[in-house]
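All remarks here apply to the structure that follows.
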Amino acid sequence: MGEIRESYLVAARSAVALLADPAVAAAWEKPSALTEFSVAGLAGHLAHQVVRVADALAAEGAQEPVPLLDHYSRSPWVQAGLDHESNVSVRRGGEAAAASGPDALVERTRALLDELARALPAEPGDRVVHLPWTGWSLRLDDFLLTRVMELVVHSDDLASSVGVETPALPPSVVDPVVELLARLAVHRHGATAVIRALSRAERAPATISAF
């Protein structure tokens with residue numbers, strides 16, 4: 001199995017363990033550290049990174065895959081405001097996924113992840129998946145990298161929201177996420193801004209956020 005596929009499974013298992021932490025259930029109805037998300041909605045969105053992979057594997061109609069950076073350039077949520085329909089839809093989806101409560105969310109996500117752990121090793125190395133919610137296709141490994149990034153970032157959001165330590169993840173998970181975020185930041189802000197932010201505090205821009 002390819003390295004990014006194993007990294008995805010490691011990140012997803014870590015996320016499910018976080019979802020099962022009693023602190024998450026205890027804070028279920030409270031606001032999260034992520035603007036406009038409740039803890040429940042954020043938990044649902046984190047769990048949805050498992051659902052999305054299952055949906056992509058099951059989807060038909062794969063086309064010529066777009067490059068990874070093009071995927072983000074085409075996605076309206078990346079630079080849209082919180083009130084844009086794309087971001088409102090993400091929040092609604094998280095709340096809907098969490099509607100049955102924390103125990104049901106954990107059980108459902110864990111079962112689906114077990115299915116993916118069996119399915120992913122059997123997928124061809126050059127597999128392309130169609131993303132019906134975007135209208136375009138990606139290489140499976142590129143798509144999994146986008147999900148690893150979501151799992152890492154939103155695990156930190158959820159842990160911060162409920163007052164527990166952010167899960168420690170191995171370099172095989174963290175390094176590709178850092179590389180992807182750096183590439184996205186350079187794409188959005190330019191190489192000079194990113195270099196200054198990382199090396200010259202006196203000339204650093206106000207932000208190099210990838211999103």
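Ordering of the structure tokens sets the chain letters (A, B, ...), residue numbers begin anew at 1 in every chain, and ligands are numbered from 1 in the order given.
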
Which residues come within 10 Å of Leu19 (chain A), counting only C-alpha atoms, excluding same-chain residues fewer than 3 positions away, as a PDB file with N, CA and C atoms, in the first residue's frame?
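Output below, filename part.pdb:
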```pdb
ATOM      1  N   ARG A  13      -7.545   7.023  11.981  1.00  0.00           N
ATOM      2  CA  ARG A  13      -7.695   6.294  13.251  1.00  0.00           C
ATOM      3  C   ARG A  13      -7.482   7.226  14.436  1.00  0.00           C
ATOM      4  N   SER A  14      -6.519   8.110  14.326  1.00  0.00           N
ATOM      5  CA  SER A  14      -6.271   9.085  15.382  1.00  0.00           C
ATOM      6  C   SER A  14      -7.493   9.994  15.569  1.00  0.00           C
ATOM      7  N   ALA A  15      -8.099  10.410  14.459  1.00  0.00           N
ATOM      8  CA  ALA A  15      -9.274  11.270  14.529  1.00  0.00           C
ATOM      9  C   ALA A  15     -10.445  10.561  15.200  1.00  0.00           C
ATOM     10  N   VAL A  16     -10.639   9.291  14.892  1.00  0.00           N
ATOM     11  CA  VAL A  16     -11.728   8.534  15.518  1.00  0.00           C
ATOM     12  C   VAL A  16     -11.484   8.402  17.017  1.00  0.00           C
ATOM     13  N   PRO A  22     -14.082  11.377  25.943  1.00  0.00           N
ATOM     14  CA  PRO A  22     -15.231  11.882  26.698  1.00  0.00           C
ATOM     15  C   PRO A  22     -15.353  13.405  26.702  1.00  0.00           C
ATOM     16  N   ALA A  23     -14.233  14.104  26.540  1.00  0.00           N
ATOM     17  CA  ALA A  23     -14.280  15.566  26.524  1.00  0.00           C
ATOM     18  C   ALA A  23     -15.085  16.094  25.341  1.00  0.00           C
ATOM     19  N   VAL A  24     -15.093  15.352  24.245  1.00  0.00           N
ATOM     20  CA  VAL A  24     -15.858  15.778  23.071  1.00  0.00           C
ATOM     21  C   VAL A  24     -17.351  15.680  23.364  1.00  0.00           C
ATOM     22  N   ALA A  25     -17.792  14.573  23.903  1.00  0.00           N
ATOM     23  CA  ALA A  25     -19.205  14.415  24.247  1.00  0.00           C
ATOM     24  C   ALA A  25     -19.635  15.435  25.289  1.00  0.00           C
ATOM     25  N   ALA A  40     -20.177  19.830  18.161  1.00  0.00           N
ATOM     26  CA  ALA A  40     -20.841  18.739  17.439  1.00  0.00           C
ATOM     27  C   ALA A  40     -20.630  18.863  15.939  1.00  0.00           C
ATOM     28  N   ALA A  43     -17.071  18.062  15.053  1.00  0.00           N
ATOM     29  CA  ALA A  43     -16.861  16.612  15.130  1.00  0.00           C
ATOM     30  C   ALA A  43     -17.448  15.920  13.903  1.00  0.00           C
ATOM     31  N   GLY A  44     -18.637  16.348  13.495  1.00  0.00           N
ATOM     32  CA  GLY A  44     -19.244  15.776  12.301  1.00  0.00           C
ATOM     33  C   GLY A  44     -18.414  16.041  11.057  1.00  0.00           C
ATOM     34  N   LEU A  46     -15.145  16.544  10.986  1.00  0.00           N
ATOM     35  CA  LEU A  46     -13.945  15.707  11.079  1.00  0.00           C
ATOM     36  C   LEU A  46     -14.256  14.281  10.639  1.00  0.00           C
ATOM     37  N   ALA A  47     -15.359  13.751  11.132  1.00  0.00           N
ATOM     38  CA  ALA A  47     -15.755  12.385  10.744  1.00  0.00           C
ATOM     39  C   ALA A  47     -16.041  12.299   9.250  1.00  0.00           C
ATOM     40  N   PRO A 102     -22.818  11.855  19.818  1.00  0.00           N
ATOM     41  CA  PRO A 102     -21.398  11.478  19.733  1.00  0.00           C
ATOM     42  C   PRO A 102     -21.162   9.984  19.634  1.00  0.00           C
ATOM     43  N   ASP A 103     -21.907   9.181  20.382  1.00  0.00           N
ATOM     44  CA  ASP A 103     -21.665   7.735  20.352  1.00  0.00           C
ATOM     45  C   ASP A 103     -21.963   7.150  18.977  1.00  0.00           C
ATOM     46  N   LEU A 105     -21.981   8.751  16.136  1.00  0.00           N
ATOM     47  CA  LEU A 105     -21.005   9.258  15.165  1.00  0.00           C
ATOM     48  C   LEU A 105     -19.722   8.439  15.220  1.00  0.00           C
ATOM     49  N   VAL A 106     -19.244   8.162  16.412  1.00  0.00           N
ATOM     50  CA  VAL A 106     -18.015   7.381  16.558  1.00  0.00           C
ATOM     51  C   VAL A 106     -18.206   5.970  16.011  1.00  0.00           C
ATOM     52  N   GLU A 107     -19.299   5.339  16.372  1.00  0.00           N
ATOM     53  CA  GLU A 107     -19.545   3.961  15.916  1.00  0.00           C
ATOM     54  C   GLU A 107     -19.622   3.891  14.397  1.00  0.00           C
ATOM     55  N   THR A 109     -18.433   6.049  12.158  1.00  0.00           N
ATOM     56  CA  THR A 109     -17.165   6.412  11.515  1.00  0.00           C
ATOM     57  C   THR A 109     -16.139   5.295  11.651  1.00  0.00           C
ATOM     58  N   ARG A 110     -16.095   4.675  12.811  1.00  0.00           N
ATOM     59  CA  ARG A 110     -15.152   3.570  13.026  1.00  0.00           C
ATOM     60  C   ARG A 110     -15.457   2.397  12.092  1.00  0.00           C
ATOM     61  N   SER A 155      -8.423  17.968  13.566  1.00  0.00           N
ATOM     62  CA  SER A 155      -8.138  17.320  14.849  1.00  0.00           C
ATOM     63  C   SER A 155      -7.585  18.344  15.833  1.00  0.00           C
ATOM     64  N   LEU A 158     -10.528  20.508  16.955  1.00  0.00           N
ATOM     65  CA  LEU A 158     -11.417  19.840  17.901  1.00  0.00           C
ATOM     66  C   LEU A 158     -10.749  19.685  19.264  1.00  0.00           C
ATOM     67  N   ALA A 159      -9.490  19.292  19.274  1.00  0.00           N
ATOM     68  CA  ALA A 159      -8.780  19.155  20.538  1.00  0.00           C
ATOM     69  C   ALA A 159      -8.727  20.489  21.277  1.00  0.00           C
TER      70      ALA A 159
END
```

What lies within 12 Å of region 123-132 of chain A using only C-alpha atoms, ignoring chain neighbours under 6 positions off, as a PDB file with all heavy atoms, in the first residue's frame?
```pdb
ATOM      1  N   MET A   1       0.848  -1.195   0.000  1.00  0.00           N
ATOM      2  CA  MET A   1       0.000   0.000   0.000  1.00  0.00           C
ATOM      3  C   MET A   1       0.878   1.236   0.000  1.00  0.00           C
ATOM      4  O   MET A   1       1.891   1.289   0.691  1.00  0.00           O
ATOM      5  CB  MET A   1      -0.916  -0.004   1.226  1.00  0.00           C
ATOM      6  CG  MET A   1      -1.843   1.199   1.297  1.00  0.00           C
ATOM      7  SD  MET A   1      -3.186   0.993   2.483  1.00  0.00           S
ATOM      8  CE  MET A   1      -2.296   0.712   4.002  1.00  0.00           C
ATOM      9  N   GLY A   2       0.506   2.259  -0.779  1.00  0.00           N
ATOM     10  CA  GLY A   2       1.289   3.474  -0.884  1.00  0.00           C
ATOM     11  C   GLY A   2       1.381   4.210   0.440  1.00  0.00           C
ATOM     12  O   GLY A   2       0.533   4.081   1.328  1.00  0.00           O
ATOM     13  N   GLU A   3       2.440   5.016   0.570  1.00  0.00           N
ATOM     14  CA  GLU A   3       2.698   5.708   1.833  1.00  0.00           C
ATOM     15  C   GLU A   3       1.563   6.647   2.215  1.00  0.00           C
ATOM     16  O   GLU A   3       1.171   6.716   3.383  1.00  0.00           O
ATOM     17  CB  GLU A   3       4.014   6.481   1.736  1.00  0.00           C
ATOM     18  CG  GLU A   3       4.410   7.147   3.043  1.00  0.00           C
ATOM     19  CD  GLU A   3       5.773   7.801   2.969  1.00  0.00           C
ATOM     20  OE1 GLU A   3       6.512   7.517   2.009  1.00  0.00           O
ATOM     21  OE2 GLU A   3       6.082   8.589   3.877  1.00  0.00           O
ATOM     22  N   ILE A   4       1.015   7.390   1.248  1.00  0.00           N
ATOM     23  CA  ILE A   4      -0.033   8.349   1.599  1.00  0.00           C
ATOM     24  C   ILE A   4      -1.306   7.619   2.023  1.00  0.00           C
ATOM     25  O   ILE A   4      -2.079   8.128   2.852  1.00  0.00           O
ATOM     26  CB  ILE A   4      -0.312   9.338   0.436  1.00  0.00           C
ATOM     27  CG1 ILE A   4      -1.128  10.534   0.939  1.00  0.00           C
ATOM     28  CG2 ILE A   4      -1.024   8.645  -0.709  1.00  0.00           C
ATOM     29  CD1 ILE A   4      -0.444  11.351   2.011  1.00  0.00           C
ATOM     30  N   ARG A   5      -1.536   6.431   1.507  1.00  0.00           N
ATOM     31  CA  ARG A   5      -2.716   5.658   1.912  1.00  0.00           C
ATOM     32  C   ARG A   5      -2.580   5.209   3.363  1.00  0.00           C
ATOM     33  O   ARG A   5      -3.545   5.288   4.137  1.00  0.00           O
ATOM     34  CB  ARG A   5      -2.915   4.463   0.970  1.00  0.00           C
ATOM     35  CG  ARG A   5      -3.100   4.920  -0.470  1.00  0.00           C
ATOM     36  CD  ARG A   5      -3.366   3.781  -1.431  1.00  0.00           C
ATOM     37  NE  ARG A   5      -3.351   4.286  -2.809  1.00  0.00           N
ATOM     38  CZ  ARG A   5      -3.785   3.622  -3.855  1.00  0.00           C
ATOM     39  NH1 ARG A   5      -4.268   2.390  -3.702  1.00  0.00           N
ATOM     40  NH2 ARG A   5      -3.737   4.153  -5.062  1.00  0.00           N
ATOM     41  N   ARG A  52     -16.116  11.028   3.000  1.00  0.00           N
ATOM     42  CA  ARG A  52     -15.755  11.530   1.676  1.00  0.00           C
ATOM     43  C   ARG A  52     -14.913  10.515   0.899  1.00  0.00           C
ATOM     44  O   ARG A  52     -15.073  10.371  -0.322  1.00  0.00           O
ATOM     45  CB  ARG A  52     -14.983  12.843   1.796  1.00  0.00           C
ATOM     46  CG  ARG A  52     -15.812  14.082   2.045  1.00  0.00           C
ATOM     47  CD  ARG A  52     -16.787  14.344   0.931  1.00  0.00           C
ATOM     48  NE  ARG A  52     -17.228  15.727   0.892  1.00  0.00           N
ATOM     49  CZ  ARG A  52     -18.381  16.121   0.384  1.00  0.00           C
ATOM     50  NH1 ARG A  52     -19.219  15.222  -0.115  1.00  0.00           N
ATOM     51  NH2 ARG A  52     -18.720  17.386   0.362  1.00  0.00           N
ATOM     52  N   VAL A  53     -14.010   9.837   1.578  1.00  0.00           N
ATOM     53  CA  VAL A  53     -13.172   8.858   0.882  1.00  0.00           C
ATOM     54  C   VAL A  53     -14.017   7.685   0.407  1.00  0.00           C
ATOM     55  O   VAL A  53     -13.873   7.218  -0.731  1.00  0.00           O
ATOM     56  CB  VAL A  53     -12.020   8.385   1.791  1.00  0.00           C
ATOM     57  CG1 VAL A  53     -11.236   7.259   1.126  1.00  0.00           C
ATOM     58  CG2 VAL A  53     -11.094   9.555   2.112  1.00  0.00           C
ATOM     59  N   ALA A  54     -14.914   7.217   1.246  1.00  0.00           N
ATOM     60  CA  ALA A  54     -15.802   6.129   0.828  1.00  0.00           C
ATOM     61  C   ALA A  54     -16.668   6.563  -0.351  1.00  0.00           C
ATOM     62  O   ALA A  54     -16.869   5.792  -1.307  1.00  0.00           O
ATOM     63  CB  ALA A  54     -16.682   5.700   2.001  1.00  0.00           C
ATOM     64  N   ASP A  55     -17.163   7.791  -0.310  1.00  0.00           N
ATOM     65  CA  ASP A  55     -17.982   8.303  -1.416  1.00  0.00           C
ATOM     66  C   ASP A  55     -17.182   8.363  -2.711  1.00  0.00           C
ATOM     67  O   ASP A  55     -17.683   8.024  -3.794  1.00  0.00           O
ATOM     68  CB  ASP A  55     -18.514   9.700  -1.079  1.00  0.00           C
ATOM     69  CG  ASP A  55     -19.602   9.683  -0.023  1.00  0.00           C
ATOM     70  OD1 ASP A  55     -20.130   8.596   0.296  1.00  0.00           O
ATOM     71  OD2 ASP A  55     -19.920  10.771   0.504  1.00  0.00           O
ATOM     72  N   ALA A  56     -15.929   8.825  -2.618  1.00  0.00           N
ATOM     73  CA  ALA A  56     -15.096   8.945  -3.821  1.00  0.00           C
ATOM     74  C   ALA A  56     -14.780   7.581  -4.412  1.00  0.00           C
ATOM     75  O   ALA A  56     -14.793   7.406  -5.651  1.00  0.00           O
ATOM     76  CB  ALA A  56     -13.802   9.692  -3.486  1.00  0.00           C
ATOM     77  N   LEU A  57     -14.513   6.602  -3.577  1.00  0.00           N
ATOM     78  CA  LEU A  57     -14.213   5.260  -4.084  1.00  0.00           C
ATOM     79  C   LEU A  57     -15.429   4.655  -4.786  1.00  0.00           C
ATOM     80  O   LEU A  57     -15.279   3.873  -5.735  1.00  0.00           O
ATOM     81  CB  LEU A  57     -13.769   4.346  -2.943  1.00  0.00           C
ATOM     82  CG  LEU A  57     -12.392   4.627  -2.343  1.00  0.00           C
ATOM     83  CD1 LEU A  57     -12.114   3.652  -1.199  1.00  0.00           C
ATOM     84  CD2 LEU A  57     -11.293   4.536  -3.397  1.00  0.00           C
ATOM     85  N   ALA A  58     -16.621   5.010  -4.329  1.00  0.00           N
ATOM     86  CA  ALA A  58     -17.846   4.436  -4.894  1.00  0.00           C
ATOM     87  C   ALA A  58     -18.349   5.188  -6.117  1.00  0.00           C
ATOM     88  O   ALA A  58     -19.164   4.664  -6.882  1.00  0.00           O
ATOM     89  CB  ALA A  58     -18.941   4.407  -3.826  1.00  0.00           C
ATOM     90  N   ALA A  59     -17.870   6.416  -6.335  1.00  0.00           N
ATOM     91  CA  ALA A  59     -18.386   7.254  -7.418  1.00  0.00           C
ATOM     92  C   ALA A  59     -17.934   6.740  -8.780  1.00  0.00           C
ATOM     93  O   ALA A  59     -16.845   6.187  -8.930  1.00  0.00           O
ATOM     94  CB  ALA A  59     -17.935   8.699  -7.227  1.00  0.00           C
ATOM     95  N   GLU A  60     -18.781   6.946  -9.764  1.00  0.00           N
ATOM     96  CA  GLU A  60     -18.469   6.582 -11.141  1.00  0.00           C
ATOM     97  C   GLU A  60     -18.217   7.843 -11.962  1.00  0.00           C
ATOM     98  O   GLU A  60     -18.449   8.958 -11.513  1.00  0.00           O
ATOM     99  CB  GLU A  60     -19.627   5.775 -11.739  1.00  0.00           C
ATOM    100  CG  GLU A  60     -19.906   4.466 -10.999  1.00  0.00           C
ATOM    101  CD  GLU A  60     -21.065   3.699 -11.605  1.00  0.00           C
ATOM    102  OE1 GLU A  60     -21.743   4.254 -12.498  1.00  0.00           O
ATOM    103  OE2 GLU A  60     -21.282   2.555 -11.189  1.00  0.00           O
ATOM    104  N   GLY A  61     -17.732   7.637 -13.178  1.00  0.00           N
ATOM    105  CA  GLY A  61     -17.566   8.757 -14.107  1.00  0.00           C
ATOM    106  C   GLY A  61     -16.255   9.502 -13.964  1.00  0.00           C
ATOM    107  O   GLY A  61     -16.197  10.709 -14.230  1.00  0.00           O
ATOM    108  N   ALA A  62     -15.179   8.827 -13.559  1.00  0.00           N
ATOM    109  CA  ALA A  62     -13.888   9.499 -13.407  1.00  0.00           C
ATOM    110  C   ALA A  62     -13.423  10.079 -14.741  1.00  0.00           C
ATOM    111  O   ALA A  62     -13.561   9.456 -15.794  1.00  0.00           O
ATOM    112  CB  ALA A  62     -12.846   8.528 -12.860  1.00  0.00           C
ATOM    113  N   GLN A  63     -12.878  11.275 -14.676  1.00  0.00           N
ATOM    114  CA  GLN A  63     -12.372  11.991 -15.847  1.00  0.00           C
ATOM    115  C   GLN A  63     -10.866  12.172 -15.706  1.00  0.00           C
ATOM    116  O   GLN A  63     -10.262  11.697 -14.752  1.00  0.00           O
ATOM    117  CB  GLN A  63     -13.071  13.352 -15.937  1.00  0.00           C
ATOM    118  CG  GLN A  63     -14.589  13.274 -15.911  1.00  0.00           C
ATOM    119  CD  GLN A  63     -15.224  14.581 -15.452  1.00  0.00           C
ATOM    120  OE1 GLN A  63     -14.538  15.538 -15.109  1.00  0.00           O
ATOM    121  NE2 GLN A  63     -16.550  14.608 -15.441  1.00  0.00           N
ATOM    122  N   GLU A  64     -10.268  12.873 -16.660  1.00  0.00           N
ATOM    123  CA  GLU A  64      -8.860  13.215 -16.543  1.00  0.00           C
ATOM    124  C   GLU A  64      -8.654  13.991 -15.242  1.00  0.00           C
ATOM    125  O   GLU A  64      -9.326  14.994 -14.996  1.00  0.00           O
ATOM    126  CB  GLU A  64      -8.427  14.068 -17.734  1.00  0.00           C
ATOM    127  CG  GLU A  64      -6.960  14.414 -17.758  1.00  0.00           C
ATOM    128  CD  GLU A  64      -6.075  13.197 -18.046  1.00  0.00           C
ATOM    129  OE1 GLU A  64      -6.583  12.201 -18.598  1.00  0.00           O
ATOM    130  OE2 GLU A  64      -4.870  13.263 -17.715  1.00  0.00           O
ATOM    131  N   PRO A  65      -7.742  13.542 -14.372  1.00  0.00           N
ATOM    132  CA  PRO A  65      -7.606  14.216 -13.074  1.00  0.00           C
ATOM    133  C   PRO A  65      -6.974  15.595 -13.195  1.00  0.00           C
ATOM    134  O   PRO A  65      -6.109  15.827 -14.041  1.00  0.00           O
ATOM    135  CB  PRO A  65      -6.687  13.266 -12.292  1.00  0.00           C
ATOM    136  CG  PRO A  65      -5.894  12.559 -13.342  1.00  0.00           C
ATOM    137  CD  PRO A  65      -6.833  12.388 -14.509  1.00  0.00           C
ATOM    138  N   VAL A  66      -7.426  16.511 -12.354  1.00  0.00           N
ATOM    139  CA  VAL A  66      -6.832  17.839 -12.324  1.00  0.00           C
ATOM    140  C   VAL A  66      -5.638  17.809 -11.366  1.00  0.00           C
ATOM    141  O   VAL A  66      -5.602  17.008 -10.433  1.00  0.00           O
ATOM    142  CB  VAL A  66      -7.848  18.915 -11.887  1.00  0.00           C
ATOM    143  CG1 VAL A  66      -9.066  18.903 -12.793  1.00  0.00           C
ATOM    144  CG2 VAL A  66      -8.255  18.735 -10.426  1.00  0.00           C
ATOM    145  N   PRO A  67      -4.650  18.682 -11.571  1.00  0.00           N
ATOM    146  CA  PRO A  67      -3.536  18.772 -10.624  1.00  0.00           C
ATOM    147  C   PRO A  67      -4.028  19.209  -9.246  1.00  0.00           C
ATOM    148  O   PRO A  67      -5.054  19.882  -9.118  1.00  0.00           O
ATOM    149  CB  PRO A  67      -2.616  19.824 -11.258  1.00  0.00           C
ATOM    150  CG  PRO A  67      -2.987  19.836 -12.705  1.00  0.00           C
ATOM    151  CD  PRO A  67      -4.458  19.554 -12.746  1.00  0.00           C
ATOM    152  N   HIS A  71      -7.099  21.832  -7.953  1.00  0.00           N
ATOM    153  CA  HIS A  71      -8.241  21.436  -7.130  1.00  0.00           C
ATOM    154  C   HIS A  71      -8.577  22.535  -6.132  1.00  0.00           C
ATOM    155  O   HIS A  71      -9.746  22.905  -5.961  1.00  0.00           O
ATOM    156  CB  HIS A  71      -7.902  20.135  -6.407  1.00  0.00           C
ATOM    157  CG  HIS A  71      -8.815  19.796  -5.272  1.00  0.00           C
ATOM    158  ND1 HIS A  71     -10.115  19.377  -5.458  1.00  0.00           N
ATOM    159  CD2 HIS A  71      -8.618  19.830  -3.921  1.00  0.00           C
ATOM    160  CE1 HIS A  71     -10.675  19.151  -4.281  1.00  0.00           C
ATOM    161  NE2 HIS A  71      -9.789  19.424  -3.343  1.00  0.00           N
ATOM    162  N   SER A  75     -11.862  25.350  -5.994  1.00  0.00           N
ATOM    163  CA  SER A  75     -12.816  25.155  -4.892  1.00  0.00           C
ATOM    164  C   SER A  75     -13.239  26.500  -4.316  1.00  0.00           C
ATOM    165  O   SER A  75     -12.398  27.254  -3.809  1.00  0.00           O
ATOM    166  CB  SER A  75     -12.175  24.301  -3.793  1.00  0.00           C
ATOM    167  OG  SER A  75     -11.838  23.015  -4.289  1.00  0.00           O
ATOM    168  N   LEU A 116     -12.638   0.961   4.846  1.00  0.00           N
ATOM    169  CA  LEU A 116     -11.612   1.609   4.027  1.00  0.00           C
ATOM    170  C   LEU A 116     -10.245   0.958   4.228  1.00  0.00           C
ATOM    171  O   LEU A 116      -9.456   0.862   3.284  1.00  0.00           O
ATOM    172  CB  LEU A 116     -11.533   3.098   4.363  1.00  0.00           C
ATOM    173  CG  LEU A 116     -12.725   3.956   3.925  1.00  0.00           C
ATOM    174  CD1 LEU A 116     -12.528   5.394   4.385  1.00  0.00           C
ATOM    175  CD2 LEU A 116     -12.914   3.903   2.412  1.00  0.00           C
ATOM    176  N   ALA A 117      -9.967   0.522   5.445  1.00  0.00           N
ATOM    177  CA  ALA A 117      -8.685  -0.133   5.707  1.00  0.00           C
ATOM    178  C   ALA A 117      -8.539  -1.414   4.895  1.00  0.00           C
ATOM    179  O   ALA A 117      -7.423  -1.817   4.546  1.00  0.00           O
ATOM    180  CB  ALA A 117      -8.545  -0.433   7.199  1.00  0.00           C
ATOM    181  N   LEU A 138      -9.682  13.595  -9.270  1.00  0.00           N
ATOM    182  CA  LEU A 138      -8.311  13.662  -8.762  1.00  0.00           C
ATOM    183  C   LEU A 138      -7.715  12.263  -8.750  1.00  0.00           C
ATOM    184  O   LEU A 138      -8.445  11.275  -8.676  1.00  0.00           O
ATOM    185  CB  LEU A 138      -8.289  14.191  -7.320  1.00  0.00           C
ATOM    186  CG  LEU A 138      -8.458  15.677  -7.053  1.00  0.00           C
ATOM    187  CD1 LEU A 138      -8.522  15.910  -5.539  1.00  0.00           C
ATOM    188  CD2 LEU A 138      -7.322  16.480  -7.656  1.00  0.00           C
ATOM    189  N   ARG A 139      -6.393  12.197  -8.796  1.00  0.00           N
ATOM    190  CA  ARG A 139      -5.743  10.941  -8.474  1.00  0.00           C
ATOM    191  C   ARG A 139      -6.122  10.575  -7.041  1.00  0.00           C
ATOM    192  O   ARG A 139      -6.195  11.432  -6.164  1.00  0.00           O
ATOM    193  CB  ARG A 139      -4.224  11.074  -8.588  1.00  0.00           C
ATOM    194  CG  ARG A 139      -3.699  11.292  -9.989  1.00  0.00           C
ATOM    195  CD  ARG A 139      -2.173  11.487  -9.970  1.00  0.00           C
ATOM    196  NE  ARG A 139      -1.486  10.363  -9.329  1.00  0.00           N
ATOM    197  CZ  ARG A 139      -0.877  10.437  -8.152  1.00  0.00           C
ATOM    198  NH1 ARG A 139      -0.869  11.569  -7.460  1.00  0.00           N
ATOM    199  NH2 ARG A 139      -0.269   9.374  -7.646  1.00  0.00           N
ATOM    200  N   LEU A 140      -6.360   9.300  -6.798  1.00  0.00           N
ATOM    201  CA  LEU A 140      -6.761   8.873  -5.461  1.00  0.00           C
ATOM    202  C   LEU A 140      -5.754   9.338  -4.414  1.00  0.00           C
ATOM    203  O   LEU A 140      -6.146   9.839  -3.347  1.00  0.00           O
ATOM    204  CB  LEU A 140      -6.899   7.346  -5.414  1.00  0.00           C
ATOM    205  CG  LEU A 140      -7.156   6.735  -4.027  1.00  0.00           C
ATOM    206  CD1 LEU A 140      -8.434   7.282  -3.403  1.00  0.00           C
ATOM    207  CD2 LEU A 140      -7.193   5.205  -4.121  1.00  0.00           C
ATOM    208  N   ASP A 141      -4.463   9.188  -4.691  1.00  0.00           N
ATOM    209  CA  ASP A 141      -3.472   9.564  -3.692  1.00  0.00           C
ATOM    210  C   ASP A 141      -3.468  11.066  -3.434  1.00  0.00           C
ATOM    211  O   ASP A 141      -3.248  11.509  -2.300  1.00  0.00           O
ATOM    212  CB  ASP A 141      -2.086   9.082  -4.102  1.00  0.00           C
ATOM    213  CG  ASP A 141      -1.936   7.572  -3.938  1.00  0.00           C
ATOM    214  OD1 ASP A 141      -2.896   6.920  -3.457  1.00  0.00           O
ATOM    215  OD2 ASP A 141      -0.870   7.040  -4.285  1.00  0.00           O
ATOM    216  N   ASP A 142      -3.723  11.880  -4.458  1.00  0.00           N
ATOM    217  CA  ASP A 142      -3.848  13.321  -4.249  1.00  0.00           C
ATOM    218  C   ASP A 142      -5.071  13.628  -3.380  1.00  0.00           C
ATOM    219  O   ASP A 142      -5.017  14.470  -2.481  1.00  0.00           O
ATOM    220  CB  ASP A 142      -3.977  14.063  -5.580  1.00  0.00           C
ATOM    221  CG  ASP A 142      -2.647  14.230  -6.294  1.00  0.00           C
ATOM    222  OD1 ASP A 142      -1.592  13.992  -5.662  1.00  0.00           O
ATOM    223  OD2 ASP A 142      -2.652  14.608  -7.480  1.00  0.00           O
ATOM    224  N   PHE A 143      -6.173  12.945  -3.662  1.00  0.00           N
ATOM    225  CA  PHE A 143      -7.371  13.167  -2.863  1.00  0.00           C
ATOM    226  C   PHE A 143      -7.140  12.764  -1.411  1.00  0.00           C
ATOM    227  O   PHE A 143      -7.551  13.472  -0.486  1.00  0.00           O
ATOM    228  CB  PHE A 143      -8.545  12.393  -3.448  1.00  0.00           C
ATOM    229  CG  PHE A 143      -9.811  12.558  -2.653  1.00  0.00           C
ATOM    230  CD1 PHE A 143     -10.375  13.814  -2.472  1.00  0.00           C
ATOM    231  CD2 PHE A 143     -10.417  11.467  -2.056  1.00  0.00           C
ATOM    232  CE1 PHE A 143     -11.529  13.986  -1.713  1.00  0.00           C
ATOM    233  CE2 PHE A 143     -11.570  11.617  -1.310  1.00  0.00           C
ATOM    234  CZ  PHE A 143     -12.133  12.881  -1.130  1.00  0.00           C
ATOM    235  N   LEU A 144      -6.459  11.646  -1.199  1.00  0.00           N
ATOM    236  CA  LEU A 144      -6.179  11.222   0.173  1.00  0.00           C
ATOM    237  C   LEU A 144      -5.296  12.236   0.896  1.00  0.00           C
ATOM    238  O   LEU A 144      -5.471  12.477   2.094  1.00  0.00           O
ATOM    239  CB  LEU A 144      -5.526   9.847   0.176  1.00  0.00           C
ATOM    240  CG  LEU A 144      -6.434   8.682  -0.223  1.00  0.00           C
ATOM    241  CD1 LEU A 144      -5.632   7.387  -0.298  1.00  0.00           C
ATOM    242  CD2 LEU A 144      -7.605   8.521   0.740  1.00  0.00           C
TER     243      LEU A 144
END
```

Item to check | Those in region 132-187 of chain A with helix (DSSP H, G or I) from DSSP, as a PyMOL selection string | outcome: chain A and resi 140-162+171-187

Item to check | Residue list (strand (DSSP E), DSSP) for region 74-139 of chain A, as a list in words | outcome: Val128, Val129, His130, Leu131, Trp136, Ser137, Leu138 and Arg139 of chain A

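Candidate residues A:Ala33, A:Val164, A:Ala17, A:Val50 were compared for distance to Arg147 (chain A), and the nearest is A:Val50, using only C-alpha atoms.
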
Checklist entry - If you measure from CA of His189 (chain A) to CA of Thr134 (chain A), what distance in Å do you get, rounded to one decimal? => result 24.3 Å

Next on the checklist: Ranking A:Ala12, A:Asp157, A:Ser100, A:Pro171 by minimum distance to Pro31 (chain A) and counting only C-alpha atoms, which one comes first?
Outcome noted: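 Among the listed residues, the smallest separation from Pro31 (chain A) belongs to A:Asp157.
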
Checklist entry - Which value, in Å to one decimal, gives the distance between CA of Leu180 (chain A) and CA of Ala210 (chain A)? => result 9.1 Å

Checklist entry - How far is it from CA of Tyr8 (chain A) to CA of Ala26 (chain A), in Å with one decimal? => result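 Answer for the CA of Tyr8 (chain A) to CA of Ala26 (chain A) separation: 27.4 Å.
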
Checklist entry - With only C-alpha atoms as the atoms that count, which of A:Asp114, A:Glu6, A:Glu29, A:Asp70 lies nearest to Ala98 (chain A)? => result A:Glu29

Checklist entry - Smallest atom-to-atom distance to Leu68 (chain A): which of A:Ala191, A:Leu145, A:Leu151, A:Ala204, using only C-alpha atoms? => result A:Leu145
